[in-house]
$ cat final-v4.cif   # mmCIF, C-alpha atoms and all ligand atoms
data_work
loop_
_atom_site.label_atom_id
_atom_site.label_comp_id
_atom_site.auth_asym_id
_atom_site.auth_seq_id
_atom_site.Cartn_x
_atom_site.Cartn_y
_atom_site.Cartn_z
CA MET S 218 -0.80 -6.55 10.20
CA ILE S 219 0.86 -4.80 13.12
CA ASP S 220 -1.02 -2.91 15.84
CA ILE S 221 1.03 -0.04 17.17
CA ILE S 222 -1.62 1.05 19.61
CA GLN S 223 -2.64 -2.25 21.13
CA ASN S 224 -4.78 -1.44 24.08
CA LYS S 225 -7.46 0.76 22.61
CA THR S 226 -7.86 3.00 25.63
CA GLU S 227 -4.26 4.03 26.05
CA ARG S 228 -3.67 7.42 27.66
CA ALA S 229 -1.62 9.62 25.41
CA LEU S 230 0.47 12.74 25.75
CA LEU S 231 0.82 14.68 22.49
CA ILE S 232 3.97 16.66 21.86
CA ALA S 233 4.99 19.17 19.19
CA VAL S 234 7.95 21.47 18.76
CA LYS S 235 7.48 25.01 17.51
CA THR S 236 10.68 26.21 15.89
CA ARG S 237 11.22 29.73 14.64
CA MET S 238 10.11 28.45 11.22
CA HIS S 239 6.57 27.70 12.40
CA ILE S 240 3.46 29.81 12.78
CA ARG S 241 2.11 29.31 16.28
CA GLU S 242 -1.54 28.77 15.44
CA LEU S 243 -0.66 26.19 12.80
CA VAL S 244 1.38 24.22 15.32
CA TYR S 245 -1.68 24.12 17.60
CA GLU S 246 -3.92 23.17 14.68
CA HIS S 247 -1.56 20.33 13.79
CA LEU S 248 -1.76 19.15 17.40
CA ASN S 249 -5.56 19.27 17.28
CA GLU S 250 -5.45 17.16 14.15
CA LEU S 251 -3.04 14.79 15.89
CA GLU S 252 -5.60 14.48 18.70
CA GLU S 253 -8.25 13.52 16.10
CA LEU S 254 -5.87 10.93 14.72
CA ALA S 255 -5.17 9.60 18.23
CA LYS S 256 -8.92 9.41 18.87
CA THR S 257 -9.47 7.53 15.64
CA ALA S 258 -6.74 5.09 16.68
CA GLY S 259 -8.47 4.65 20.03
CA ALA S 260 -6.13 6.57 22.34
CA ILE S 261 -7.29 9.16 24.87
CA THR S 262 -5.43 12.47 24.76
CA VAL S 263 -4.65 13.51 28.31
CA GLN S 264 -2.56 16.58 27.53
CA LYS S 265 -0.92 18.42 24.65
CA ILE S 266 2.49 20.07 24.93
CA VAL S 267 4.16 22.55 22.60
CA GLN S 268 7.85 23.10 23.19
CA GLU S 269 9.31 26.28 21.69
CA LYS S 270 12.83 25.80 20.41
CA HIS S 271 15.14 27.48 17.99
CA GLN S 272 15.34 24.21 16.12
CA TYR S 273 14.62 20.52 16.69
CA ASP S 274 16.97 18.67 19.01
CA GLY S 275 18.87 15.99 17.11
CA ALA S 276 18.97 13.52 20.01
CA TYR S 277 15.69 14.12 21.87
CA TYR S 278 13.54 16.19 19.43
CA VAL S 279 12.22 18.37 22.30
CA GLY S 280 15.66 18.70 23.95
CA LYS S 281 17.01 16.62 26.80
CA GLY S 282 15.89 19.03 29.55
CA LYS S 283 12.33 19.05 28.30
CA ALA S 284 12.36 15.28 27.85
CA GLU S 285 13.35 14.91 31.52
CA GLU S 286 10.49 17.22 32.51
CA ILE S 287 8.14 15.07 30.46
CA ALA S 288 9.46 11.97 32.25
CA LEU S 289 8.13 13.39 35.54
CA LEU S 290 4.86 14.54 34.01
CA ILE S 291 3.97 11.17 32.57
CA GLU S 292 4.22 9.59 36.02
CA ASP S 293 1.75 12.14 37.39
CA LEU S 294 -0.65 11.83 34.49
CA GLU S 295 -0.35 8.05 34.16
CA ILE S 296 0.56 8.24 30.51
CA ASP S 297 0.98 5.01 28.50
CA LEU S 298 1.93 6.49 25.18
CA LEU S 299 3.71 9.52 23.75
CA ILE S 300 2.73 10.78 20.33
CA PHE S 301 4.98 13.25 18.53
CA ASP S 302 3.62 15.44 15.79
CA ASP S 303 6.68 15.15 13.56
CA ASP S 304 8.44 12.08 12.33
CA LEU S 305 11.18 11.14 14.73
CA THR S 306 14.47 9.75 13.53
CA PRO S 307 15.08 6.19 14.72
CA GLY S 308 17.75 7.63 17.03
CA GLN S 309 15.40 10.19 18.62
CA ALA S 310 12.73 7.55 19.08
CA ARG S 311 15.20 5.21 20.77
CA ASN S 312 16.57 7.91 23.10
CA LEU S 313 13.10 9.05 24.08
CA GLU S 314 11.90 5.53 24.68
CA ASN S 315 14.92 4.74 26.84
CA LEU S 316 14.45 7.87 28.90
CA LEU S 317 10.66 7.84 29.19
CA LYS S 318 10.14 4.08 29.41
CA ARG S 319 6.93 4.40 27.46
CA LYS S 320 5.91 3.65 23.95
CA VAL S 321 6.88 6.44 21.58
CA VAL S 322 4.91 6.93 18.37
CA ASP S 323 5.18 9.63 15.76
CA ARG S 324 2.60 10.98 13.33
CA SER S 325 3.53 8.55 10.57
CA GLY S 326 3.38 5.59 12.94
CA LEU S 327 -0.03 6.70 14.14
CA ILE S 328 -1.41 7.16 10.63
CA LEU S 329 -0.07 3.75 9.66
CA ASP S 330 -1.76 2.26 12.72
CA ILE S 331 -5.12 3.75 11.70
CA PHE S 332 -4.67 2.53 8.16
CA ALA S 333 -3.85 -0.94 9.48
CA SER S 334 -7.05 -1.16 11.49
CA HIS S 335 -9.24 0.31 8.71
CA ALA S 336 -7.81 -1.70 5.81
CA LYS S 337 -10.40 -4.18 4.61
CA THR S 338 -9.59 -5.46 1.15
CA LYS S 339 -6.60 -7.56 0.23
CA THR S 340 -5.05 -4.72 -1.76
CA ALA S 341 -5.36 -2.20 1.06
CA ARG S 342 -4.02 -4.69 3.60
CA THR S 343 -1.05 -5.52 1.41
CA GLN S 344 -0.29 -1.85 0.86
CA VAL S 345 -0.55 -0.99 4.53
CA GLU S 346 1.56 -3.92 5.62
CA LEU S 347 4.26 -2.94 3.16
CA ALA S 348 4.25 0.65 4.38
CA GLN S 349 4.38 -0.50 8.01
CA LEU S 350 7.32 -2.81 7.45
CA GLN S 351 9.25 -0.15 5.56
CA TYR S 352 8.56 2.27 8.37
CA LEU S 353 9.54 -0.24 11.06
CA LEU S 354 12.68 -1.62 9.45
CA PRO S 355 15.04 1.17 10.59
CA ARG S 356 13.28 1.28 13.98
CA LEU S 357 13.45 -2.40 14.59
CA THR S 358 15.91 -2.33 17.48
CA ARG S 359 13.57 -0.41 19.75
CA ALA S 360 10.38 -2.07 18.63
CA TRP S 361 11.90 -5.50 18.79
CA THR S 362 10.31 -7.15 21.83
CA HIS S 363 7.04 -5.38 21.30
CA LEU S 364 6.98 -6.49 17.70
CA SER S 365 8.02 -10.07 18.14
CA LYS S 366 5.30 -10.53 20.74
CA GLN S 367 2.78 -9.23 18.27
CA TYR S 368 4.10 -11.35 15.50
CA GLY S 369 3.76 -14.39 17.71
CA GLY S 370 0.29 -13.41 18.81
CA ILE S 371 -1.03 -12.76 15.38
CA GLY S 372 -0.51 -16.35 14.32
CA THR S 373 -1.52 -16.93 10.77
CA LYS S 374 -2.67 -13.41 9.97
CA GLY S 375 0.36 -11.20 9.85
CA PRO S 376 3.91 -10.94 8.67
CA GLY S 377 4.97 -12.94 11.73
CA GLU S 378 3.04 -16.03 10.87
CA THR S 379 6.21 -17.94 10.07
CA GLN S 380 7.89 -17.60 13.47
CA ILE S 381 8.54 -15.45 16.50
CA GLU S 382 12.25 -14.89 15.81
CA THR S 383 11.45 -12.47 13.05
CA ASP S 384 14.54 -10.57 12.03
CA ARG S 385 15.49 -7.87 9.59
CA ARG S 386 16.21 -10.42 6.94
CA MET S 387 12.71 -11.86 7.19
CA ILE S 388 11.17 -8.41 7.06
CA ARG S 389 13.19 -7.60 3.96
CA ASP S 390 12.00 -10.82 2.33
CA ARG S 391 8.46 -10.00 3.29
CA ILE S 392 8.85 -6.50 1.83
CA SER S 393 9.98 -7.82 -1.51
CA PHE S 394 7.21 -10.42 -1.48
CA LEU S 395 4.62 -7.70 -0.84
CA LYS S 396 6.12 -5.51 -3.54
CA ASN S 397 5.77 -8.31 -6.05
CA LYS S 398 2.22 -8.94 -4.98
CA LEU S 399 1.37 -5.28 -5.44
CA LYS S 400 3.01 -5.29 -8.83
CA GLU S 401 0.70 -8.16 -9.85
CA ILE S 402 -2.31 -6.27 -8.52
CA GLU S 403 -1.25 -3.19 -10.45
CA ASP S 404 -0.74 -5.17 -13.67
CA ASP S 405 -4.24 -6.60 -13.29
CA ARG S 406 -5.67 -3.14 -12.81
CA ASN S 407 -3.81 -1.83 -15.83
CA ILE S 408 -5.44 -4.50 -17.96
CA GLN S 409 -8.85 -3.67 -16.53
CA THR S 410 -8.48 0.06 -17.04
CA LYS S 411 -7.25 -0.39 -20.60
CA GLN S 412 -10.61 -1.94 -21.33
CA ARG S 413 -12.34 1.14 -19.94
CA LYS S 414 -10.38 3.73 -21.91
CA ASP S 415 -13.42 5.12 -23.68
CA ILE S 416 -15.20 5.87 -20.43
CA ILE S 417 -14.88 9.24 -18.77
CA LYS S 418 -13.51 8.85 -15.28
CA VAL S 419 -14.34 11.34 -12.57
CA THR S 420 -12.51 10.97 -9.25
CA LEU S 421 -13.26 12.53 -5.87
CA VAL S 422 -10.19 13.65 -3.95
CA GLY S 423 -9.73 15.78 -0.87
CA TYR S 424 -8.53 16.12 2.65
CA THR S 425 -9.69 13.39 5.00
CA ASN S 426 -13.20 13.98 6.42
CA ALA S 427 -14.09 16.54 3.70
CA GLY S 428 -17.24 14.61 2.73
CA LYS S 429 -16.04 12.66 -0.32
CA SER S 430 -17.90 9.46 0.54
CA THR S 431 -21.07 11.36 1.46
CA LEU S 432 -21.03 13.04 -1.94
CA PHE S 433 -20.16 9.78 -3.66
CA ASN S 434 -23.15 8.05 -2.05
CA LEU S 435 -25.44 10.92 -2.99
CA LEU S 436 -24.37 10.92 -6.63
CA THR S 437 -24.26 7.17 -7.21
CA GLY S 438 -26.69 5.74 -4.67
CA ALA S 439 -23.86 3.66 -3.23
CA GLU S 440 -23.54 2.98 0.47
CA VAL S 441 -19.90 3.63 1.19
CA LEU S 442 -19.18 4.19 4.87
CA ALA S 443 -19.16 7.91 5.64
CA GLU S 444 -18.49 9.03 9.18
CA ASP S 445 -16.97 11.77 11.26
CA LYS S 446 -13.65 10.01 11.55
CA LEU S 447 -10.34 10.47 9.81
CA PHE S 448 -9.63 7.87 7.14
CA ALA S 449 -13.03 6.21 7.09
CA THR S 450 -12.26 5.31 3.47
CA LEU S 451 -9.14 3.44 2.44
CA ASP S 452 -10.14 1.60 -0.69
CA SER S 453 -11.33 3.21 -3.83
CA THR S 454 -14.86 2.42 -4.94
CA THR S 455 -16.07 3.03 -8.47
CA ARG S 456 -19.67 3.24 -9.66
CA ASN S 457 -21.61 4.36 -12.67
CA PHE S 458 -22.62 7.94 -12.43
CA ALA S 459 -25.73 9.20 -14.18
CA LEU S 460 -25.50 12.62 -15.78
CA GLN S 461 -28.07 14.21 -18.05
CA LYS S 462 -26.19 14.61 -21.31
CA SER S 463 -23.02 12.64 -21.05
CA ILE S 464 -22.31 9.03 -21.59
CA ASN S 465 -20.42 6.37 -19.70
CA VAL S 466 -19.19 8.22 -16.67
CA LEU S 467 -17.52 6.39 -13.81
CA LEU S 468 -17.18 8.04 -10.43
CA SER S 469 -14.54 6.95 -7.89
CA ASP S 470 -14.26 7.62 -4.19
CA THR S 471 -10.72 7.52 -2.81
CA VAL S 472 -8.66 7.64 0.36
CA GLY S 473 -8.35 11.09 1.93
CA PHE S 474 -5.13 13.06 2.07
CA ILE S 475 -3.54 14.56 5.16
CA ARG S 476 -0.53 16.73 5.90
CA LYS S 477 2.68 14.84 6.51
CA LEU S 478 1.22 11.70 4.93
CA PRO S 479 3.90 9.05 5.43
CA HIS S 480 6.05 8.88 2.37
CA HIS S 481 5.94 5.06 2.22
CA LEU S 482 2.21 5.11 2.38
CA VAL S 483 1.87 7.31 -0.67
CA ALA S 484 4.27 5.04 -2.52
CA SER S 485 2.52 1.83 -1.61
CA PHE S 486 -0.93 3.29 -2.26
CA LYS S 487 0.07 3.86 -5.84
CA SER S 488 -2.38 1.35 -7.20
CA THR S 489 -5.29 2.49 -5.03
CA LEU S 490 -4.52 6.00 -6.12
CA SER S 491 -4.49 4.93 -9.75
CA GLU S 492 -8.10 6.19 -9.80
CA VAL S 493 -6.63 9.63 -9.29
CA ARG S 494 -3.86 9.23 -11.84
CA GLU S 495 -6.22 7.92 -14.50
CA ALA S 496 -8.99 10.42 -13.87
CA ASP S 497 -10.19 12.65 -16.68
CA VAL S 498 -11.76 15.01 -14.20
CA ILE S 499 -10.88 15.52 -10.55
CA LEU S 500 -13.43 16.80 -8.06
CA HIS S 501 -11.49 18.35 -5.22
CA ILE S 502 -13.80 18.28 -2.17
CA ILE S 503 -13.16 20.83 0.56
CA ASP S 504 -14.77 21.02 4.00
CA VAL S 505 -15.37 24.74 3.94
CA SER S 506 -16.58 24.74 7.55
CA HIS S 507 -13.09 23.80 8.72
CA PRO S 508 -11.17 26.90 9.85
CA PHE S 509 -8.00 25.63 8.18
CA HIS S 510 -9.53 24.55 4.88
CA GLU S 511 -7.16 26.75 2.86
CA ASP S 512 -4.30 24.89 4.44
CA HIS S 513 -6.00 21.57 3.56
CA MET S 514 -6.39 22.70 -0.04
CA ALA S 515 -2.67 23.36 -0.23
CA VAL S 516 -1.91 19.86 1.10
CA VAL S 517 -4.21 18.29 -1.50
CA ARG S 518 -2.66 20.36 -4.29
CA GLN S 519 0.79 19.27 -3.20
CA THR S 520 -0.20 15.60 -2.97
CA LEU S 521 -1.76 15.79 -6.44
CA GLU S 522 1.49 17.22 -7.67
CA GLU S 523 3.40 14.31 -6.11
CA LEU S 524 1.08 11.96 -7.97
CA GLY S 525 1.77 13.82 -11.22
CA CYS S 526 -1.86 14.98 -11.46
CA LYS S 527 -1.75 18.69 -10.97
CA ASP S 528 -2.56 19.52 -14.59
CA LYS S 529 -5.73 17.48 -14.79
CA ARG S 530 -9.10 19.15 -15.25
CA GLN S 531 -10.34 19.97 -11.80
CA ILE S 532 -13.47 21.29 -10.12
CA LEU S 533 -13.25 22.72 -6.62
CA VAL S 534 -16.24 21.55 -4.59
CA PHE S 535 -16.75 23.51 -1.39
CA ASN S 536 -18.77 21.19 0.83
CA LYS S 537 -20.66 21.49 4.14
CA ILE S 538 -22.05 24.85 3.13
CA ASP S 539 -25.01 24.14 5.42
CA LEU S 540 -22.67 24.85 8.33
CA ILE S 541 -21.81 28.34 7.07
CA SER S 542 -24.20 31.05 8.19
CA ASP S 543 -22.02 33.96 7.13
CA SER S 544 -23.15 34.97 3.63
CA GLU S 545 -20.02 37.11 3.21
CA GLN S 546 -17.89 33.98 3.46
CA ILE S 547 -19.92 32.36 0.69
CA GLN S 548 -19.63 35.47 -1.48
CA PHE S 549 -15.90 35.48 -0.84
CA LEU S 550 -15.62 31.92 -2.15
CA ILE S 551 -17.71 32.70 -5.22
CA ASN S 552 -15.44 35.65 -6.05
CA LYS S 553 -12.17 33.94 -5.28
CA TYR S 554 -12.93 30.65 -7.01
CA PRO S 555 -15.09 31.21 -10.06
CA GLY S 556 -16.15 27.95 -11.68
CA SER S 557 -16.29 26.13 -8.37
CA ALA S 558 -19.31 24.44 -6.80
CA ILE S 559 -20.55 25.35 -3.34
CA VAL S 560 -22.57 22.44 -2.02
CA SER S 561 -23.83 20.42 0.87
CA ALA S 562 -23.47 16.72 0.21
CA GLU S 563 -25.41 15.89 3.34
CA ARG S 564 -28.37 18.15 2.59
CA GLY S 565 -28.18 17.81 -1.20
CA ILE S 566 -27.73 21.55 -1.76
CA ASN S 567 -26.51 22.80 -5.19
CA ILE S 568 -25.94 19.32 -6.56
CA THR S 569 -27.59 20.18 -9.88
CA ARG S 570 -25.08 22.99 -10.37
CA LEU S 571 -22.24 20.59 -9.59
CA LYS S 572 -23.55 18.12 -12.17
CA GLU S 573 -23.74 20.90 -14.75
CA LEU S 574 -20.14 21.85 -14.11
CA ILE S 575 -19.07 18.24 -14.53
CA GLU S 576 -21.07 17.96 -17.74
CA GLU S 577 -19.48 21.12 -19.16
CA ILE S 578 -15.99 19.74 -18.59
CA ILE S 579 -16.91 16.32 -19.94
CA GLU S 580 -18.51 17.78 -23.06
CA ASP S 581 -15.24 19.55 -23.59
CA GLU S 582 -13.37 16.23 -23.54
CA TYR S 583 -15.47 14.89 -26.41
CA THR S 584 -15.82 15.73 -30.05
CA THR S 585 -18.50 14.76 -32.55
CA VAL S 586 -17.44 13.48 -35.96
CA ASP S 587 -19.46 12.67 -39.13
CA ILE S 588 -18.09 9.89 -41.33
CA THR S 589 -19.32 8.02 -44.37
CA LEU S 590 -17.89 4.54 -44.49
CA PRO S 591 -17.79 2.63 -47.80
CA LEU S 592 -20.05 -0.43 -47.65
CA GLU S 593 -17.14 -2.84 -48.03
CA LYS S 594 -15.79 -1.47 -44.77
CA SER S 595 -19.07 -1.76 -42.88
CA TYR S 596 -17.61 -4.71 -40.96
CA LEU S 597 -15.69 -2.08 -38.96
CA VAL S 598 -18.86 -0.58 -37.46
CA PRO S 599 -18.90 -2.92 -34.40
CA ARG S 600 -15.30 -1.86 -33.67
CA VAL S 601 -16.38 1.77 -33.58
CA HIS S 602 -19.07 0.91 -31.03
CA GLN S 603 -16.31 -0.37 -28.76
CA PHE S 604 -14.50 2.93 -28.34
CA ALA S 605 -17.09 5.57 -29.10
CA GLU S 606 -20.74 6.37 -28.84
CA VAL S 607 -22.51 6.09 -32.18
CA LEU S 608 -25.15 8.79 -32.27
CA MET S 609 -26.40 7.94 -35.74
CA GLU S 610 -25.90 4.93 -38.01
CA LYS S 611 -27.58 4.95 -41.43
CA TYR S 612 -27.04 2.48 -44.28
CA GLU S 613 -27.25 4.27 -47.66
CA GLU S 614 -26.37 3.13 -51.17
CA ASP S 615 -22.99 4.83 -51.10
CA GLY S 616 -22.03 3.58 -47.64
CA VAL S 617 -22.72 3.78 -43.93
CA GLN S 618 -23.27 7.23 -42.53
CA LEU S 619 -22.04 7.56 -38.99
CA GLN S 620 -22.19 10.30 -36.44
CA ILE S 621 -19.77 9.48 -33.65
CA LYS S 622 -19.16 11.04 -30.27
CA ILE S 623 -15.64 10.22 -29.17
CA LYS S 624 -13.18 11.20 -26.48
CA LYS S 625 -10.70 13.64 -28.04
CA GLU S 626 -7.71 11.63 -26.92
CA LEU S 627 -9.07 8.56 -28.75
CA GLN S 628 -9.77 10.36 -31.98
CA GLN S 629 -6.83 8.79 -33.78
CA LYS S 630 -8.59 5.43 -33.44
CA LEU S 631 -10.86 6.58 -36.24
CA ASP S 632 -7.86 6.24 -38.58
CA ILE S 633 -8.85 2.60 -39.13
CA LEU S 634 -11.87 3.88 -41.04
CA GLN S 635 -9.78 5.73 -43.62
N1 LIG O 1 -22.90 19.28 7.96
C1 LIG O 1 -22.42 18.55 6.96
N2 LIG O 1 -21.72 17.43 7.22
C2 LIG O 1 -21.24 16.71 6.18
C3 LIG O 1 -21.47 17.10 4.83
N3 LIG O 1 -20.88 16.19 4.02
C4 LIG O 1 -20.30 15.28 4.84
N4 LIG O 1 -20.53 15.57 6.13
C5 LIG O 1 -20.09 14.83 7.32
O1 LIG O 1 -18.68 14.85 7.38
C6 LIG O 1 -18.18 13.62 7.92
C7 LIG O 1 -17.16 13.02 6.97
O2 LIG O 1 -17.80 12.62 5.80
P1 LIG O 1 -17.20 11.51 4.83
O3 LIG O 1 -18.07 11.48 3.62
O4 LIG O 1 -16.95 10.23 5.55
O5 LIG O 1 -15.82 12.20 4.48
P2 LIG O 1 -14.62 11.61 3.58
O6 LIG O 1 -14.04 12.77 2.85
O7 LIG O 1 -15.09 10.46 2.77
O8 LIG O 1 -13.62 11.15 4.73
P3 LIG O 1 -12.47 9.99 4.72
O9 LIG O 1 -12.93 8.85 3.91
O10 LIG O 1 -12.35 9.66 6.17
O11 LIG O 1 -11.25 10.65 4.18
C8 LIG O 1 -19.40 12.74 8.14
O12 LIG O 1 -19.76 12.81 9.50
C9 LIG O 1 -20.46 13.36 7.24
O13 LIG O 1 -21.76 13.13 7.72
C10 LIG O 1 -22.24 18.29 4.59
O14 LIG O 1 -22.49 18.71 3.47
N5 LIG O 1 -22.67 18.97 5.69
MG MG O 2 -14.50 8.56 2.71
#

$ encode --input "final-v4.cif" --output "structure tokens"
Amino acid sequence: MIDIIQNKTERALLIAVKTRMHIRELVYEHLNELEELAKTAGAITVQKIVQEKHQYDGAYYVGKGKAEEIALLIEDLEIDLLIFDDDLTPGQARNLENLLKRKVVDRSGLILDIFASHAKTKTARTQVELAQLQYLLPRLTRAWTHLSKQYGGIGTKGPGETQIETDRRMIRDRISFLKNKLKEIEDDRNIQTKQRKDIIKVTLVGYTNAGKSTLFNLLTGAEVLAEDKLFATLDSTTRNFALQKSINVLLSDTVGFIRKLPHHLVASFKSTLSEVREADVILHIIDVSHPFHEDHMAVVRQTLEELGCKDKRQILVFNKIDLISDSEQIQFLINKYPGSAIVSAERGINITRLKELIEEIIEDEYTTVDITLPLEKSYLVPRVHQFAEVLMEKYEEDGVQLQIKIKKELQQKLDILQ
């Protein structure tokens, strides 16, 4: 694994460009979010700069004049690190680094760095390493010395374990090795999930820090880490989930989404995000106390679309309602989003209503069928138990009477009984 921010108290200057395409307050909000990300990575934000420009500068992102101004500023402010809100091209990054003589990181690099330090399981570590290497490959010339030192230092842990003179070729080999490894992991998961086809899967998704893990813990009694930090969760966790009426429900907690999520990261998190792709029901958790939650919702919708999941059954769960004192805002949500749940995961408010909504959707996914099976086919009864819930099983003279509750999409499995 590669640490981009090495010294965890580095002093950072955050920089964004506002072009004529951008809304001013969103640019500032993005910078605030970047500050949260920097904090999570361990850097201290000393100052934030927004440069207004007609369009981005191809060579220096902020423009050469502004970059020279920044060069003076960073001496005064004793800056170690510059973090840019947009992804820089390798060329821009190189030019800026040459001019500023400081480490230059962009939003994707920063997110990857956080993921690298939070990744715990083998799958997450493999995915993050792959995303990092793909991100670094075109930037290798500038990161070279910095990287090779790290590779050497890491010893047996990272991609550099083989030797210090890591080169593009080795990184490419490592990338294809990691891809194969992930393919194996994914194949394993596919086998596992095939065995769980009859079970209803409910998956929590949402913007990072929305309260997914807090809700997950409340509903399942699990103890997943939940904290006021971006990307506290990287790995999916799945637990049984007890509802009143329904059977066999599995609930999964997943990694949070964020705007401008690095493209490689989404791709390499494919198998972690399989909980989302395979979900029967998605609970979209929203931190309603966040002033830009509508913007967050749009990011989540777009990410779900990228994952091919936008048509799945979905419940909007407006969380952190305990922080909202304005009853008009609550009424507004109720009117605008009928069928949503307005809850507090931390205080346990309105959780019964949420469970009812989940049950309604799940009930809708199932159908109940009555069948009389001739006695000579009674050997098939154990097979039925494997993919459906048998509500009634009665042995009569003319055959076995069965009442079966089955997922609609599995209904054709009953053909074996004909
Ligand atoms: N006031 C209030 N705080 C909440 C509520 N739910 C969660 N939080 C807090 O919000 C922060 C983030 O909660 P998490 O459950 O870690 O959020 P998450 O969506 O899992 O975040 P990531 O895994 O980092 O994407 C924590 O500090 C929680 O204590 C709530 O209903 N009310
Ligand atoms: Mg979480």

$ residues_near_ligand --input "final-v4.cif" --ligand "ligand MG 2 (chain O)" --cutoff "10 Å" --atoms "all atoms listed in the file" --output "compact mmCIF listing (two decimals) with C-alpha atoms, keeping the file's coordinate frame"
# COMPACT_ATOMS: atom_id res chain seq x y z
CA LEU S 421 -13.26 12.53 -5.87
CA VAL S 422 -10.19 13.65 -3.95
CA GLY S 423 -9.73 15.78 -0.87
CA TYR S 424 -8.53 16.12 2.65
CA THR S 425 -9.69 13.39 5.00
CA ASN S 426 -13.20 13.98 6.42
CA ALA S 427 -14.09 16.54 3.70
CA GLY S 428 -17.24 14.61 2.73
CA LYS S 429 -16.04 12.66 -0.32
CA SER S 430 -17.90 9.46 0.54
CA THR S 431 -21.07 11.36 1.46
CA LEU S 432 -21.03 13.04 -1.94
CA PHE S 433 -20.16 9.78 -3.66
CA ASN S 434 -23.15 8.05 -2.05
CA VAL S 441 -19.90 3.63 1.19
CA LEU S 442 -19.18 4.19 4.87
CA ALA S 443 -19.16 7.91 5.64
CA GLU S 444 -18.49 9.03 9.18
CA ASP S 445 -16.97 11.77 11.26
CA LYS S 446 -13.65 10.01 11.55
CA LEU S 447 -10.34 10.47 9.81
CA PHE S 448 -9.63 7.87 7.14
CA ALA S 449 -13.03 6.21 7.09
CA THR S 450 -12.26 5.31 3.47
CA LEU S 451 -9.14 3.44 2.44
CA ASP S 452 -10.14 1.60 -0.69
CA SER S 453 -11.33 3.21 -3.83
CA THR S 454 -14.86 2.42 -4.94
CA ASP S 470 -14.26 7.62 -4.19
CA THR S 471 -10.72 7.52 -2.81
CA VAL S 472 -8.66 7.64 0.36
CA GLY S 473 -8.35 11.09 1.93

$ residues_around --input "final-v4.cif" --residues "Ser561 in chain S" --least-positions-apart "4" --cutoff "8 Å" --atoms "all atoms listed in the file" --output "PDB file with C-alpha atoms, keeping the file's coordinate frame"
ATOM      1  CA  ASN S 536     -18.770  21.190   0.830  1.00  0.00           C
ATOM      2  CA  LYS S 537     -20.660  21.490   4.140  1.00  0.00           C
ATOM      3  CA  ILE S 538     -22.050  24.850   3.130  1.00  0.00           C
ATOM      4  CA  ASP S 539     -25.010  24.140   5.420  1.00  0.00           C
ATOM      5  CA  GLY S 565     -28.180  17.810  -1.200  1.00  0.00           C
ATOM      6  CA  ILE S 566     -27.730  21.550  -1.760  1.00  0.00           C
ATOM      7  CA  ASN S 567     -26.510  22.800  -5.190  1.00  0.00           C
ATOM      8  CA  ILE S 568     -25.940  19.320  -6.560  1.00  0.00           C
TER       9      ILE S 568
END

$ residues_around --input "final-v4.cif" --residues "Glu250 in chain S" --least-positions-apart "4" --cutoff "12 Å" --atoms "all atoms listed in the file" --output "PDB file with C-alpha atoms, keeping the file's coordinate frame"
ATOM      1  CA  LEU S 231       0.820  14.680  22.490  1.00  0.00           C
ATOM      2  CA  ALA S 233       4.990  19.170  19.190  1.00  0.00           C
ATOM      3  CA  LEU S 243      -0.660  26.190  12.800  1.00  0.00           C
ATOM      4  CA  VAL S 244       1.380  24.220  15.320  1.00  0.00           C
ATOM      5  CA  TYR S 245      -1.680  24.120  17.600  1.00  0.00           C
ATOM      6  CA  GLU S 246      -3.920  23.170  14.680  1.00  0.00           C
ATOM      7  CA  LEU S 254      -5.870  10.930  14.720  1.00  0.00           C
ATOM      8  CA  ALA S 255      -5.170   9.600  18.230  1.00  0.00           C
ATOM      9  CA  LYS S 256      -8.920   9.410  18.870  1.00  0.00           C
ATOM     10  CA  THR S 257      -9.470   7.530  15.640  1.00  0.00           C
ATOM     11  CA  THR S 262      -5.430  12.470  24.760  1.00  0.00           C
ATOM     12  CA  LYS S 265      -0.920  18.420  24.650  1.00  0.00           C
ATOM     13  CA  PHE S 301       4.980  13.250  18.530  1.00  0.00           C
ATOM     14  CA  ASP S 302       3.620  15.440  15.790  1.00  0.00           C
ATOM     15  CA  ARG S 324       2.600  10.980  13.330  1.00  0.00           C
ATOM     16  CA  LEU S 327      -0.030   6.700  14.140  1.00  0.00           C
ATOM     17  CA  ILE S 328      -1.410   7.160  10.630  1.00  0.00           C
ATOM     18  CA  TYR S 424      -8.530  16.120   2.650  1.00  0.00           C
ATOM     19  CA  THR S 425      -9.690  13.390   5.000  1.00  0.00           C
ATOM     20  CA  ASN S 426     -13.200  13.980   6.420  1.00  0.00           C
ATOM     21  CA  LYS S 446     -13.650  10.010  11.550  1.00  0.00           C
ATOM     22  CA  LEU S 447     -10.340  10.470   9.810  1.00  0.00           C
ATOM     23  CA  ILE S 475      -3.540  14.560   5.160  1.00  0.00           C
ATOM     24  CA  ARG S 476      -0.530  16.730   5.900  1.00  0.00           C
ATOM     25  CA  LYS S 477       2.680  14.840   6.510  1.00  0.00           C
ATOM     26  CA  HIS S 507     -13.090  23.800   8.720  1.00  0.00           C
ATOM     27  CA  PHE S 509      -8.000  25.630   8.180  1.00  0.00           C
ATOM     28  CA  HIS S 513      -6.000  21.570   3.560  1.00  0.00           C
TER      29      HIS S 513
END

$ closest_residue --input "final-v4.cif" --among "S:Lys283, S:Arg389, S:Arg237, S:Lys418" --to "Leu317 in chain S" --atoms "all atoms listed in the file"
S:Lys283

$ atom_distance --input "final-v4.cif" --atom1 "atom N5 of ligand LIG 1 (chain O)" --atom2 "CA of Glu440 in chain S"
16.8 Å
